[in-house]
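Quick look at model.tsv (TSV, C-alpha atoms (C1' of nucleotides) and all ligand atoms):
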chain	number	residue	atom	x	y	z
A	1	MET	CA	64.04	236.52	-58.96
A	2	LYS	CA	60.47	237.58	-58.86
A	3	ILE	CA	59.21	238.34	-55.39
A	4	LEU	CA	55.91	240.02	-56.07
A	5	SER	CA	53.30	239.15	-58.66
A	6	ARG	CA	52.50	241.63	-61.35
A	7	ALA	CA	49.21	242.43	-59.69
A	8	CYS	CA	50.96	243.31	-56.44
A	9	ASN	CA	53.59	245.31	-58.22
A	10	TYR	CA	50.92	247.33	-59.97
A	11	GLY	CA	48.88	247.72	-56.81
A	12	ILE	CA	51.74	249.11	-54.80
A	13	ARG	CA	52.85	251.47	-57.51
A	14	ALA	CA	49.31	252.67	-58.00
A	15	LEU	CA	48.85	253.38	-54.31
A	16	ILE	CA	52.15	255.22	-54.19
A	17	TYR	CA	50.96	257.32	-57.07
A	18	MET	CA	47.76	258.19	-55.27
A	19	VAL	CA	49.62	259.19	-52.14
A	20	ALA	CA	52.19	261.21	-54.00
A	21	ASN	CA	49.45	262.85	-55.98
A	22	ASN	CA	46.83	263.98	-53.52
A	23	GLY	CA	47.66	262.26	-50.26
A	24	GLY	CA	45.47	259.34	-51.13
A	25	GLN	CA	42.42	260.59	-49.26
A	26	GLU	CA	40.76	262.11	-52.29
A	27	ASN	CA	39.37	260.20	-55.20
A	28	THR	CA	41.69	259.36	-58.00
A	29	SER	CA	40.30	257.69	-61.08
A	30	ILE	CA	41.67	254.31	-62.02
A	31	GLY	CA	41.84	255.50	-65.60
A	32	GLU	CA	44.22	258.28	-64.69
A	33	ILE	CA	46.42	255.98	-62.67
A	34	SER	CA	46.57	253.31	-65.31
A	35	GLU	CA	47.46	255.86	-67.91
A	36	GLU	CA	50.10	257.62	-65.86
A	37	LEU	CA	51.76	254.40	-64.81
A	38	ASP	CA	51.12	252.63	-68.08
A	39	ILE	CA	49.33	249.75	-66.45
A	40	SER	CA	46.48	247.83	-68.03
A	41	PHE	CA	43.31	249.54	-66.88
A	42	HIS	CA	41.22	246.44	-66.40
A	43	PHE	CA	43.96	244.51	-64.72
A	44	LEU	CA	44.52	247.32	-62.28
A	45	THR	CA	40.81	247.60	-61.65
A	46	LYS	CA	40.65	243.98	-60.61
A	47	THR	CA	43.51	244.50	-58.21
A	48	PHE	CA	41.85	247.54	-56.74
A	49	GLN	CA	38.72	245.52	-56.18
A	50	GLU	CA	40.68	243.21	-53.95
A	51	LEU	CA	42.05	246.12	-51.96
A	52	ASN	CA	38.53	247.37	-51.84
A	53	ARG	CA	37.07	244.22	-50.40
A	54	ALA	CA	39.88	244.22	-47.85
A	55	ASN	CA	38.80	247.74	-46.86
A	56	LEU	CA	42.14	249.23	-47.61
A	57	LEU	CA	40.41	251.59	-49.94
A	58	LYS	CA	36.95	252.70	-50.90
A	59	SER	CA	35.66	253.31	-54.37
A	60	SER	CA	32.88	255.39	-55.81
A	61	ARG	CA	31.44	255.42	-59.28
A	62	GLY	CA	30.24	258.16	-61.47
A	63	PRO	CA	31.76	261.54	-62.18
A	64	ASN	CA	34.37	262.52	-59.64
A	65	GLY	CA	34.45	258.92	-58.65
A	66	GLY	CA	37.56	256.87	-58.22
A	67	VAL	CA	39.40	255.22	-55.41
A	68	ALA	CA	40.73	256.61	-52.15
A	69	LEU	CA	42.38	255.24	-49.04
A	70	THR	CA	40.16	254.45	-46.09
A	71	ARG	CA	42.91	255.31	-43.63
A	72	PRO	CA	45.80	257.75	-43.54
A	73	ALA	CA	48.68	256.61	-45.70
A	74	ALA	CA	50.92	256.63	-42.66
A	75	ASP	CA	48.78	253.89	-41.12
A	76	ILE	CA	49.02	251.52	-44.04
A	77	SER	CA	52.08	249.32	-44.26
A	78	MET	CA	53.44	247.71	-47.38
A	79	MET	CA	52.83	244.48	-45.55
A	80	GLU	CA	49.08	244.91	-45.53
A	81	ILE	CA	48.97	245.54	-49.22
A	82	ILE	CA	51.14	242.58	-50.00
A	83	LEU	CA	49.15	240.21	-47.83
A	84	VAL	CA	45.89	241.28	-49.40
A	85	ILE	CA	47.09	240.81	-52.94
A	86	GLU	CA	49.44	237.87	-52.57
A	87	GLY	CA	47.49	236.09	-49.89
A	88	ASP	CA	48.03	235.59	-46.19
A	89	ASP	CA	50.50	232.78	-46.75
A	90	PHE	CA	52.92	235.03	-48.55
A	91	PHE	CA	55.62	234.65	-45.93
A	92	ASP	CA	54.94	231.01	-45.21
A	93	THR	CA	56.69	229.77	-48.27
A	94	CYS	CA	60.29	228.75	-48.16
A	95	LEU	CA	63.28	229.17	-50.36
A	96	LEU	CA	62.93	225.82	-51.99
A	97	GLY	CA	59.24	226.26	-52.43
A	98	LEU	CA	58.18	223.35	-50.30
A	99	PRO	CA	55.04	224.09	-48.36
A	100	ASP	CA	54.62	223.53	-44.66
A	101	CYS	CA	58.05	222.25	-43.85
A	102	GLY	CA	59.20	225.11	-41.70
A	103	ASN	CA	58.76	223.29	-38.46
A	104	GLY	CA	58.44	219.60	-39.18
A	105	ALA	CA	61.27	218.74	-41.50
A	106	PRO	CA	63.18	221.81	-42.52
A	107	CYS	CA	65.83	221.64	-45.20
A	108	PRO	CA	69.48	222.62	-44.75
A	109	ILE	CA	69.07	226.25	-45.60
A	110	HIS	CA	66.05	226.79	-43.47
A	111	GLU	CA	67.69	228.93	-40.80
A	112	VAL	CA	69.39	231.20	-43.26
A	113	TRP	CA	66.27	231.68	-45.24
A	114	LYS	CA	64.09	232.26	-42.21
A	115	ASP	CA	66.41	235.01	-41.09
A	116	LYS	CA	66.24	236.77	-44.43
A	117	LYS	CA	62.51	236.40	-44.53
A	118	ASP	CA	62.05	237.85	-41.05
A	119	LYS	CA	64.11	240.87	-41.93
A	120	MET	CA	62.19	241.47	-45.07
A	121	ARG	CA	58.91	241.12	-43.25
A	122	LEU	CA	60.04	243.65	-40.67
A	123	GLU	CA	60.94	246.03	-43.45
A	124	PHE	CA	57.55	245.64	-45.05
A	125	GLU	CA	55.80	246.08	-41.74
A	126	THR	CA	57.61	249.26	-40.83
A	127	THR	CA	57.43	250.93	-44.20
A	128	SER	CA	54.17	252.77	-44.69
A	129	LEU	CA	52.55	254.01	-47.83
A	130	ALA	CA	53.25	257.51	-46.59
A	131	ASP	CA	56.94	256.71	-46.37
A	132	LEU	CA	56.95	255.52	-49.91
A	133	GLY	CA	54.86	258.43	-51.15
A	134	VAL	CA	56.94	261.07	-49.45
A	135	ARG	CA	60.15	259.80	-50.90
A	136	VAL	CA	58.56	259.87	-54.29
A	137	SER	CA	57.34	263.42	-53.88
A	138	GLU	CA	60.77	264.59	-52.83
A	139	ASP	CA	61.68	263.15	-56.14
A	140	LYS	CA	64.74	261.53	-55.01
A	141	MET	CA	63.23	259.36	-57.63
A	142	ARG	CA	60.46	259.02	-60.02
A	143	ILE	CA	58.48	255.93	-60.67
A	144	THR	CA	59.17	254.99	-64.21
A	145	ILE	CA	58.97	251.85	-66.17
B	146	MET	CA	56.63	234.43	-52.35
B	147	LYS	CA	58.34	232.24	-54.84
B	148	ILE	CA	62.04	232.95	-55.19
B	149	LEU	CA	63.25	230.02	-57.22
B	150	SER	CA	61.61	228.34	-60.17
B	151	ARG	CA	60.56	224.76	-59.86
B	152	ALA	CA	63.42	223.67	-62.08
B	153	CYS	CA	65.93	225.36	-59.78
B	154	ASN	CA	64.29	223.98	-56.69
B	155	TYR	CA	64.51	220.49	-58.12
B	156	GLY	CA	68.07	220.98	-59.30
B	157	ILE	CA	69.34	222.09	-55.93
B	158	ARG	CA	67.54	219.38	-54.06
B	159	ALA	CA	68.82	216.78	-56.49
B	160	LEU	CA	72.42	217.94	-56.11
B	161	ILE	CA	72.09	217.93	-52.35
B	162	TYR	CA	70.84	214.39	-52.57
B	163	MET	CA	73.84	213.37	-54.63
B	164	VAL	CA	76.26	214.94	-52.20
B	165	ALA	CA	74.57	213.50	-49.15
B	166	ASN	CA	74.46	210.13	-50.82
B	167	ASN	CA	77.92	209.48	-52.21
B	168	GLY	CA	79.74	212.77	-52.06
B	169	GLY	CA	78.62	213.67	-55.54
B	170	GLN	CA	81.76	212.47	-57.26
B	171	GLU	CA	80.32	209.09	-58.18
B	172	ASN	CA	77.59	208.49	-60.68
B	173	THR	CA	74.07	208.63	-59.44
B	174	SER	CA	71.27	207.78	-61.83
B	175	ILE	CA	68.69	210.41	-62.53
B	176	GLY	CA	66.04	207.75	-62.15
B	177	GLU	CA	67.07	207.06	-58.60
B	178	ILE	CA	67.13	210.72	-57.71
B	179	SER	CA	63.79	211.47	-59.25
B	180	GLU	CA	62.25	208.54	-57.46
B	181	GLU	CA	63.76	209.32	-54.09
B	182	LEU	CA	62.83	212.97	-54.24
B	183	ASP	CA	59.57	212.39	-56.06
B	184	ILE	CA	60.49	214.69	-58.89
B	185	SER	CA	59.38	214.21	-62.48
B	186	PHE	CA	62.12	212.23	-64.15
B	187	HIS	CA	62.03	213.99	-67.48
B	188	PHE	CA	61.78	217.41	-65.99
B	189	LEU	CA	64.75	216.75	-63.79
B	190	THR	CA	66.68	215.37	-66.72
B	191	LYS	CA	66.17	218.58	-68.60
B	192	THR	CA	67.47	220.57	-65.67
B	193	PHE	CA	70.48	218.32	-65.35
B	194	GLN	CA	71.26	218.89	-68.98
B	195	GLU	CA	71.60	222.57	-68.29
B	196	LEU	CA	73.95	221.93	-65.40
B	197	ASN	CA	75.75	219.60	-67.71
B	198	ARG	CA	76.26	222.16	-70.43
B	199	ALA	CA	77.47	224.58	-67.78
B	200	ASN	CA	80.06	221.99	-66.75
B	201	LEU	CA	78.83	221.82	-63.22
B	202	LEU	CA	78.36	218.12	-63.72
B	203	LYS	CA	79.19	215.40	-66.17
B	204	SER	CA	76.92	212.64	-67.31
B	205	SER	CA	77.46	209.18	-68.70
B	206	ARG	CA	75.00	206.80	-70.26
B	207	GLY	CA	74.55	203.11	-70.03
B	208	PRO	CA	74.68	200.84	-67.02
B	209	ASN	CA	76.40	202.44	-64.05
B	210	GLY	CA	75.87	205.69	-65.83
B	211	GLY	CA	74.35	208.74	-64.26
B	212	VAL	CA	75.48	212.18	-63.26
B	213	ALA	CA	78.34	213.32	-61.07
B	214	LEU	CA	79.88	216.61	-60.07
B	215	THR	CA	82.85	217.83	-62.03
B	216	ARG	CA	84.35	219.53	-58.99
B	217	PRO	CA	84.38	218.88	-55.27
B	218	ALA	CA	81.10	219.82	-53.65
B	219	ALA	CA	82.94	222.25	-51.42
B	220	ASP	CA	83.91	224.26	-54.50
B	221	ILE	CA	80.41	224.66	-55.84
B	222	SER	CA	78.30	227.45	-54.42
B	223	MET	CA	74.55	227.64	-54.42
B	224	MET	CA	75.05	230.77	-56.41
B	225	GLU	CA	76.54	228.95	-59.38
B	226	ILE	CA	73.66	226.55	-59.54
B	227	ILE	CA	71.10	229.29	-59.31
B	228	LEU	CA	72.69	231.39	-61.99
B	229	VAL	CA	72.90	228.47	-64.38
B	230	ILE	CA	69.28	227.50	-63.97
B	231	GLU	CA	67.63	230.87	-63.47
B	232	GLY	CA	69.89	232.83	-65.75
B	233	ASP	CA	72.66	235.32	-65.12
B	234	ASP	CA	70.25	238.16	-64.53
B	235	PHE	CA	68.76	236.50	-61.49
B	236	PHE	CA	69.93	239.20	-59.11
B	237	ASP	CA	69.34	242.08	-61.48
B	238	THR	CA	65.64	242.17	-60.91
B	239	CYS	CA	64.12	244.42	-58.32
B	240	LEU	CA	61.39	244.16	-55.75
B	241	LEU	CA	58.79	245.73	-57.94
B	242	GLY	CA	59.85	243.68	-60.90
B	243	LEU	CA	60.89	246.55	-63.08
B	244	PRO	CA	63.90	245.71	-65.17
B	245	ASP	CA	66.97	247.86	-65.44
B	246	CYS	CA	65.97	250.65	-63.14
B	247	GLY	CA	68.53	250.04	-60.43
B	248	ASN	CA	70.69	252.92	-61.46
B	249	GLY	CA	68.69	255.20	-63.70
B	250	ALA	CA	65.42	255.85	-61.94
B	251	PRO	CA	65.14	253.75	-58.83
B	252	CYS	CA	61.89	253.56	-56.88
B	253	PRO	CA	61.45	254.49	-53.23
B	254	ILE	CA	62.32	251.12	-51.81
B	255	HIS	CA	65.38	250.60	-53.91
B	256	GLU	CA	67.94	250.99	-51.15
B	257	VAL	CA	66.17	248.66	-48.80
B	258	TRP	CA	65.74	246.06	-51.42
B	259	LYS	CA	69.28	246.29	-52.69
B	260	ASP	CA	70.56	245.68	-49.21
B	261	LYS	CA	68.46	242.55	-48.79
B	262	LYS	CA	69.47	241.32	-52.17
B	263	ASP	CA	73.16	241.81	-51.49
B	264	LYS	CA	72.93	239.88	-48.26
B	265	MET	CA	71.12	237.06	-49.93
B	266	ARG	CA	73.63	236.94	-52.71
B	267	LEU	CA	76.45	236.78	-50.20
B	268	GLU	CA	74.70	233.92	-48.49
B	269	PHE	CA	74.33	232.04	-51.74
B	270	GLU	CA	77.93	232.68	-52.65
B	271	THR	CA	79.33	231.46	-49.39
B	272	THR	CA	77.15	228.40	-49.02
B	273	SER	CA	78.57	225.45	-50.89
B	274	LEU	CA	76.93	222.25	-51.95
B	275	ALA	CA	79.13	220.50	-49.41
B	276	ASP	CA	77.73	222.70	-46.66
B	277	LEU	CA	74.24	221.79	-47.65
B	278	GLY	CA	75.03	218.12	-48.06
B	279	VAL	CA	76.80	217.79	-44.75
B	280	ARG	CA	73.95	219.29	-42.83
B	281	VAL	CA	71.66	216.85	-44.51
B	282	SER	CA	73.84	213.89	-43.68
B	283	GLU	CA	74.02	214.90	-40.05
B	284	ASP	CA	70.32	214.69	-40.33
B	285	LYS	CA	69.62	217.72	-38.41
B	286	MET	CA	67.09	217.47	-41.14
B	287	ARG	CA	65.85	215.33	-43.86
B	288	ILE	CA	64.81	216.51	-47.25
B	289	THR	CA	61.17	215.68	-47.50
B	290	ILE	CA	58.37	216.94	-49.58
C	291	DA	C1'	14.44	261.73	-65.73
C	292	DC	C1'	18.52	261.60	-68.44
C	293	DA	C1'	23.19	261.46	-70.14
C	294	DG	C1'	27.79	260.64	-69.35
C	295	DG	C1'	31.41	259.15	-66.44
C	296	DA	C1'	33.08	255.97	-63.51
C	297	DT	C1'	33.80	251.20	-61.19
C	298	DA	C1'	32.25	245.89	-61.04
C	299	DA	C1'	32.24	241.60	-62.85
C	300	DG	C1'	32.89	237.95	-65.72
C	301	DA	C1'	34.29	235.93	-70.19
C	302	DT	C1'	37.88	235.30	-73.25
C	303	DA	C1'	42.73	235.43	-75.11
C	304	DT	C1'	47.72	235.11	-74.73
C	305	DA	C1'	52.05	233.93	-72.67
C	306	DA	C1'	54.99	231.75	-69.43
C	307	DT	C1'	55.84	227.87	-66.61
C	308	DA	C1'	55.55	223.18	-65.44
C	309	DG	C1'	55.00	218.49	-66.56
C	310	DT	C1'	54.56	214.35	-69.73
C	311	DC	C1'	55.51	211.35	-73.58
C	312	DT	C1'	58.11	209.52	-77.40
C	313	DT	C1'	62.14	208.60	-79.91
C	314	DA	C1'	67.11	208.68	-80.42
C	315	DT	C1'	71.69	207.66	-78.90
C	316	DA	C1'	75.42	206.13	-76.15
C	317	DT	C1'	77.57	202.56	-72.98
C	318	DC	C1'	78.10	198.53	-70.33
C	319	DT	C1'	77.61	193.41	-69.68
C	320	DT	C1'	77.42	189.02	-71.38
D	321	DA	C1'	76.92	191.15	-81.61
D	322	DA	C1'	72.81	191.56	-78.68
D	323	DG	C1'	70.26	193.17	-75.06
D	324	DA	C1'	69.69	195.99	-71.12
D	325	DT	C1'	70.36	200.44	-69.09
D	326	DA	C1'	70.97	205.04	-68.98
D	327	DT	C1'	70.99	209.97	-70.67
D	328	DA	C1'	69.65	213.47	-74.76
D	329	DA	C1'	66.46	215.82	-77.20
D	330	DG	C1'	62.37	217.44	-78.85
D	331	DA	C1'	57.29	217.36	-79.31
D	332	DC	C1'	53.27	217.66	-76.92
D	333	DT	C1'	49.97	218.77	-73.02
D	334	DA	C1'	48.40	221.07	-68.75
D	335	DT	C1'	48.33	224.66	-65.57
D	336	DT	C1'	48.86	229.12	-64.01
D	337	DA	C1'	49.70	234.03	-64.57
D	338	DT	C1'	48.90	237.95	-67.18
D	339	DA	C1'	46.25	240.77	-70.26
D	340	DT	C1'	42.19	242.19	-72.86
D	341	DC	C1'	37.39	242.69	-74.06
D	342	DT	C1'	32.50	243.07	-73.16
D	343	DT	C1'	28.59	244.01	-70.52
D	344	DA	C1'	26.44	245.49	-66.29
D	345	DT	C1'	25.80	248.68	-62.64
D	346	DC	C1'	26.10	252.72	-60.11
D	347	DC	C1'	26.66	257.80	-59.29
D	348	DT	C1'	26.62	262.73	-60.34
D	349	DG	C1'	25.26	266.88	-62.45
D	350	DT	C1'	21.95	269.06	-65.14
E	401	LIG	S1	63.17	223.79	-44.39
E	401	LIG	FE1	62.70	225.94	-44.46
E	401	LIG	S2	63.89	226.75	-46.16
E	401	LIG	FE2	63.94	224.54	-46.34
E	401	LIG	S3	62.34	224.00	-47.74
E	401	LIG	FE3	61.45	223.92	-45.69
E	401	LIG	S4	60.65	225.93	-45.15
E	401	LIG	FE4	61.98	226.05	-46.95
E	402	LIG	S1	64.37	251.30	-57.99
E	402	LIG	FE1	65.33	249.43	-57.30
E	402	LIG	S2	63.79	248.41	-56.06
E	402	LIG	FE2	62.75	250.02	-57.17
E	402	LIG	S3	61.88	249.09	-58.95
E	402	LIG	FE3	63.90	249.84	-59.53
E	402	LIG	S4	65.43	248.27	-59.13
E	402	LIG	FE4	63.49	247.77	-58.13
What do you get writing this file as structure tokens?
Ligand code: SF4
Ligand code: SF4
Amino acid sequence: MKILSRACNYGIRALIYMVANNGGQENTSIGEISEELDISFHFLTKTFQELNRANLLKSSRGPNGGVALTRPAADISMMEIILVIEGDDFFDTCLLGLPDCGNGAPCPIHEVWKDKKDKMRLEFETTSLADLGVRVSEDKMRITI
Amino acid sequence: MKILSRACNYGIRALIYMVANNGGQENTSIGEISEELDISFHFLTKTFQELNRANLLKSSRGPNGGVALTRPAADISMMEIILVIEGDDFFDTCLLGLPDCGNGAPCPIHEVWKDKKDKMRLEFETTSLADLGVRVSEDKMRITI
DNA sequence: ACAGGATAAGATATAATAGTCTTATATCTT
DNA sequence: AAGATATAAGACTATTATATCTTATCCTGT
């Protein structure tokens, strides 16, 4: 059961790292992140570029360059990140993978699935990057692979 | 957000069709199903073979051949179908896609995700093929593409 | 100005998934 | 026994997702 693409997975984990590391407001180099989290550097870079274009973070080149959040981590929800990386239609899909049948001709399990989806969306909307980062810092848990 | 593979999607929809059509205990030809649901015949056949080997259904060749359920539709849960097609580890994965970290070194959103997963599993376990088929027959909804 | 450190961008490679085609085999009807 | 009908199985192709490699561009400190 794969919910998120690899790119999204990496993106979220990378952002959590930044927040846990320096709050996310200061530059962190992609190289450092990719090394710490053991993520392909170039792949991660591409993902960051998307977040960049979506103005979730800003990047700067050269020495002391890197990426940093444009807003406080507490203001950024998991939802935003997911939508940027997976696309705006992320929650429009259905359990059976049929597009656009939510209203017109729903299948038998539509209601059940819709309910689960709504709850998950709410969770994503109300969980901020700061939430995630803080819990990591407290080291209830580490991010490992 | 793709939860189920195409093969699983097809498999479930095909079984629902069988149940809605003749209760699932009588032979239905794969050709008919694939045509009605507009699913690739050969691809569907392959999926059926898996369900076959798992003894969820039996097949017979020749005229009047086809596939039929081995047990009453009410006794077959969505869960069984999913596990056969997607593999037994279907529910072992996590939101971030990291394998085997549920116990050892869980990530920040582990609890939240586990909860959602458990509820979905329960849903799949308690929803039988008969449930799905009946709702289709009542035509609260059609299965369309 | 220059050198080195950093991201940007695009081309290429690999792997996983999905779909198609061909041949074999079993079963029913006549 | 023959022919039609149906699944079984495996080879092949196409598409998408993931990963890597190469080159370009920008920024900073000296
Ligand atoms: S009816 Fe709902 S759950 Fe069913 S296939 Fe359509 S969108 Fe998905
Ligand atoms: S801790 Fe839980 S949710 Fe997080 S990556 Fe591991 S299994 Fe997934």
(request) Compile the contact shell of stretch 303-317 of chain C as number ranges by chain: residues with an atom at most 7 Å away, counting all atoms listed in the file, same-chain residues fewer than 6 positions apart removed. (result) B: 188, 206-208
Do you know which residues are at most 12 Å from C:DT320 counting only C-alpha atoms (C1' of nucleotides), after dropping those on the same chain fewer than 6 positions away, and could you put them as a compact mmCIF listing (two decimals) with C-alpha atoms (C1' of nucleotides), keeping the file's coordinate frame?
# COMPACT_ATOMS: atom_id res chain seq x y z
C1' DA D 321 76.92 191.15 -81.61
C1' DA D 322 72.81 191.56 -78.68
C1' DG D 323 70.26 193.17 -75.06
C1' DA D 324 69.69 195.99 -71.12
Report chain A as a short mmCIF file (atom, residue, chain, number, x, y, z; two decimals) with C-alpha atoms, in the coordinates of the input in the frame of chain B, after least-squares superposition over all C-alpha atoms paired in order.
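Output contents, as saved in selection.cif:
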data_model
loop_
_atom_site.label_atom_id
_atom_site.label_comp_id
_atom_site.auth_asym_id
_atom_site.auth_seq_id
_atom_site.Cartn_x
_atom_site.Cartn_y
_atom_site.Cartn_z
CA MET A 1 56.64 234.46 -52.33
CA LYS A 2 58.37 232.28 -54.81
CA ILE A 3 62.06 232.97 -55.13
CA LEU A 4 63.27 230.02 -57.14
CA SER A 5 61.62 228.33 -60.08
CA ARG A 6 60.57 224.75 -59.77
CA ALA A 7 63.43 223.67 -61.98
CA CYS A 8 65.94 225.36 -59.70
CA ASN A 9 64.31 223.97 -56.62
CA TYR A 10 64.52 220.48 -58.03
CA GLY A 11 68.07 220.98 -59.24
CA ILE A 12 69.35 222.08 -55.88
CA ARG A 13 67.58 219.34 -54.00
CA ALA A 14 68.85 216.77 -56.45
CA LEU A 15 72.43 217.93 -56.08
CA ILE A 16 72.13 217.90 -52.32
CA TYR A 17 70.90 214.36 -52.55
CA MET A 18 73.88 213.34 -54.64
CA VAL A 19 76.30 214.91 -52.21
CA ALA A 20 74.62 213.45 -49.18
CA ASN A 21 74.52 210.10 -50.87
CA ASN A 22 77.96 209.45 -52.26
CA GLY A 23 79.78 212.75 -52.10
CA GLY A 24 78.65 213.66 -55.56
CA GLN A 25 81.78 212.45 -57.31
CA GLU A 26 80.36 209.08 -58.26
CA ASN A 27 77.60 208.50 -60.73
CA THR A 28 74.09 208.63 -59.48
CA SER A 29 71.28 207.78 -61.85
CA ILE A 30 68.68 210.42 -62.53
CA GLY A 31 66.03 207.76 -62.14
CA GLU A 32 67.08 207.05 -58.59
CA ILE A 33 67.15 210.71 -57.69
CA SER A 34 63.80 211.46 -59.22
CA GLU A 35 62.28 208.54 -57.42
CA GLU A 36 63.81 209.30 -54.05
CA LEU A 37 62.87 212.95 -54.19
CA ASP A 38 59.61 212.38 -55.99
CA ILE A 39 60.48 214.69 -58.82
CA SER A 40 59.36 214.21 -62.40
CA PHE A 41 62.10 212.23 -64.10
CA HIS A 42 62.01 214.01 -67.42
CA PHE A 43 61.75 217.43 -65.91
CA LEU A 44 64.74 216.76 -63.73
CA THR A 45 66.66 215.39 -66.67
CA LYS A 46 66.18 218.61 -68.56
CA THR A 47 67.46 220.58 -65.61
CA PHE A 48 70.47 218.35 -65.30
CA GLN A 49 71.23 218.93 -68.95
CA GLU A 50 71.56 222.61 -68.23
CA LEU A 51 73.93 221.95 -65.36
CA ASN A 52 75.73 219.66 -67.70
CA ARG A 53 76.22 222.21 -70.41
CA ALA A 54 77.43 224.63 -67.75
CA ASN A 55 80.03 222.03 -66.75
CA LEU A 56 78.83 221.84 -63.22
CA LEU A 57 78.36 218.16 -63.73
CA LYS A 58 79.16 215.45 -66.20
CA SER A 59 76.88 212.70 -67.35
CA SER A 60 77.42 209.27 -68.79
CA ARG A 61 74.96 206.90 -70.37
CA GLY A 62 74.58 203.22 -70.21
CA PRO A 63 74.78 200.89 -67.25
CA ASN A 64 76.44 202.47 -64.26
CA GLY A 65 75.84 205.76 -65.94
CA GLY A 66 74.34 208.78 -64.30
CA VAL A 67 75.46 212.20 -63.29
CA ALA A 68 78.33 213.33 -61.10
CA LEU A 69 79.88 216.62 -60.08
CA THR A 70 82.85 217.85 -62.06
CA ARG A 71 84.35 219.54 -59.02
CA PRO A 72 84.39 218.88 -55.29
CA ALA A 73 81.11 219.79 -53.66
CA ALA A 74 82.94 222.22 -51.42
CA ASP A 75 83.92 224.24 -54.49
CA ILE A 76 80.41 224.65 -55.82
CA SER A 77 78.31 227.44 -54.37
CA MET A 78 74.55 227.61 -54.37
CA MET A 79 75.06 230.77 -56.36
CA GLU A 80 76.53 228.96 -59.33
CA ILE A 81 73.66 226.55 -59.48
CA ILE A 82 71.09 229.27 -59.24
CA LEU A 83 72.70 231.39 -61.93
CA VAL A 84 72.90 228.48 -64.32
CA ILE A 85 69.28 227.51 -63.91
CA GLU A 86 67.64 230.87 -63.39
CA GLY A 87 69.89 232.82 -65.68
CA ASP A 88 72.67 235.30 -65.09
CA ASP A 89 70.24 238.14 -64.49
CA PHE A 90 68.76 236.47 -61.47
CA PHE A 91 69.92 239.18 -59.09
CA ASP A 92 69.34 242.05 -61.47
CA THR A 93 65.64 242.13 -60.94
CA CYS A 94 64.10 244.40 -58.39
CA LEU A 95 61.36 244.14 -55.86
CA LEU A 96 58.78 245.73 -58.05
CA GLY A 97 59.84 243.70 -61.01
CA LEU A 98 60.88 246.58 -63.19
CA PRO A 99 63.90 245.75 -65.28
CA ASP A 100 66.99 247.90 -65.53
CA CYS A 101 66.00 250.66 -63.19
CA GLY A 102 68.56 250.03 -60.51
CA ASN A 103 70.76 252.90 -61.48
CA GLY A 104 68.81 255.22 -63.73
CA ALA A 105 65.52 255.81 -62.01
CA PRO A 106 65.20 253.71 -58.91
CA CYS A 107 61.94 253.53 -57.03
CA PRO A 108 61.46 254.47 -53.37
CA ILE A 109 62.29 251.10 -51.94
CA HIS A 110 65.36 250.58 -54.00
CA GLU A 111 67.92 250.96 -51.23
CA VAL A 112 66.12 248.65 -48.87
CA TRP A 113 65.69 246.03 -51.48
CA LYS A 114 69.25 246.27 -52.72
CA ASP A 115 70.49 245.67 -49.21
CA LYS A 116 68.39 242.56 -48.80
CA LYS A 117 69.44 241.30 -52.18
CA ASP A 118 73.13 241.79 -51.46
CA LYS A 119 72.86 239.86 -48.24
CA MET A 120 71.08 237.03 -49.90
CA ARG A 121 73.62 236.92 -52.68
CA LEU A 122 76.42 236.76 -50.14
CA GLU A 123 74.67 233.89 -48.44
CA PHE A 124 74.32 232.02 -51.69
CA GLU A 125 77.92 232.67 -52.61
CA THR A 126 79.32 231.44 -49.33
CA THR A 127 77.16 228.37 -48.98
CA SER A 128 78.58 225.42 -50.86
CA LEU A 129 76.94 222.23 -51.93
CA ALA A 130 79.13 220.47 -49.40
CA ASP A 131 77.74 222.66 -46.65
CA LEU A 132 74.25 221.77 -47.63
CA GLY A 133 75.05 218.08 -48.04
CA VAL A 134 76.82 217.77 -44.73
CA ARG A 135 73.99 219.27 -42.81
CA VAL A 136 71.67 216.86 -44.48
CA SER A 137 73.83 213.88 -43.65
CA GLU A 138 74.01 214.89 -40.02
CA ASP A 139 70.30 214.66 -40.33
CA LYS A 140 69.58 217.69 -38.44
CA MET A 141 67.01 217.40 -41.12
CA ARG A 142 65.79 215.34 -43.90
CA ILE A 143 64.70 216.57 -47.25
CA THR A 144 61.08 215.76 -47.52
CA ILE A 145 58.24 217.07 -49.51
#
Please report as a tab-separated table every residue of chain D lying within 9 Å of chain B, along with the nearest atom pair and their distance in Å (one decimal), using all atoms listed in the file.
residue	atom	partner	partner_atom	distance
D:DA324	C1'	B:Pro208	CA	8.1
D:DT325	C1'	B:Pro208	CA	4.8
D:DA326	C1'	B:Gly207	CA	4.2
D:DT327	C1'	B:Arg206	CA	5.1
D:DA328	C1'	B:Gln194	CA	8.1
(request) Kindly give the distance, in Å, that separates atom C1' of D:DA339 and atom CA of A:Gln25, rounded to a single decimal. (result)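 Distance reported for this atom pair: 29.1 Å.
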(request) Enter the distance from atom CA of A:Gly11 to atom CA of A:Gly24, in Å, rounded to one decimal. (result)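 Between atom CA of A:Gly11 and atom CA of A:Gly24 the gap is 13.4 Å.
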(request) Do a neighbour search on B:Lys262 at 12 Å with all atoms listed in the file, toss out local chain neighbours closer than 2 positions, and write the hits as a list in words. (result) Met1, Lys2, Ile3, Lys116, Lys117, Lys119 and Met120 of chain A; Ile148, Phe235, Phe236, Asp237, Thr238, Cys239, Leu240, His255, Glu256, Val257, Trp258, Lys259, Asp260, Lys264, Met265, Arg266, Leu267, Glu268 and Phe269 of chain B
(message) Need the shell around B:Ser222: protein/DNA/RNA residues with any atom at most 10 Å away, counting all atoms listed in the file. Skip same-chain ones fewer than 6 positions apart. Format as a VMD selection string?
(response) chain B and resid 268 to 277
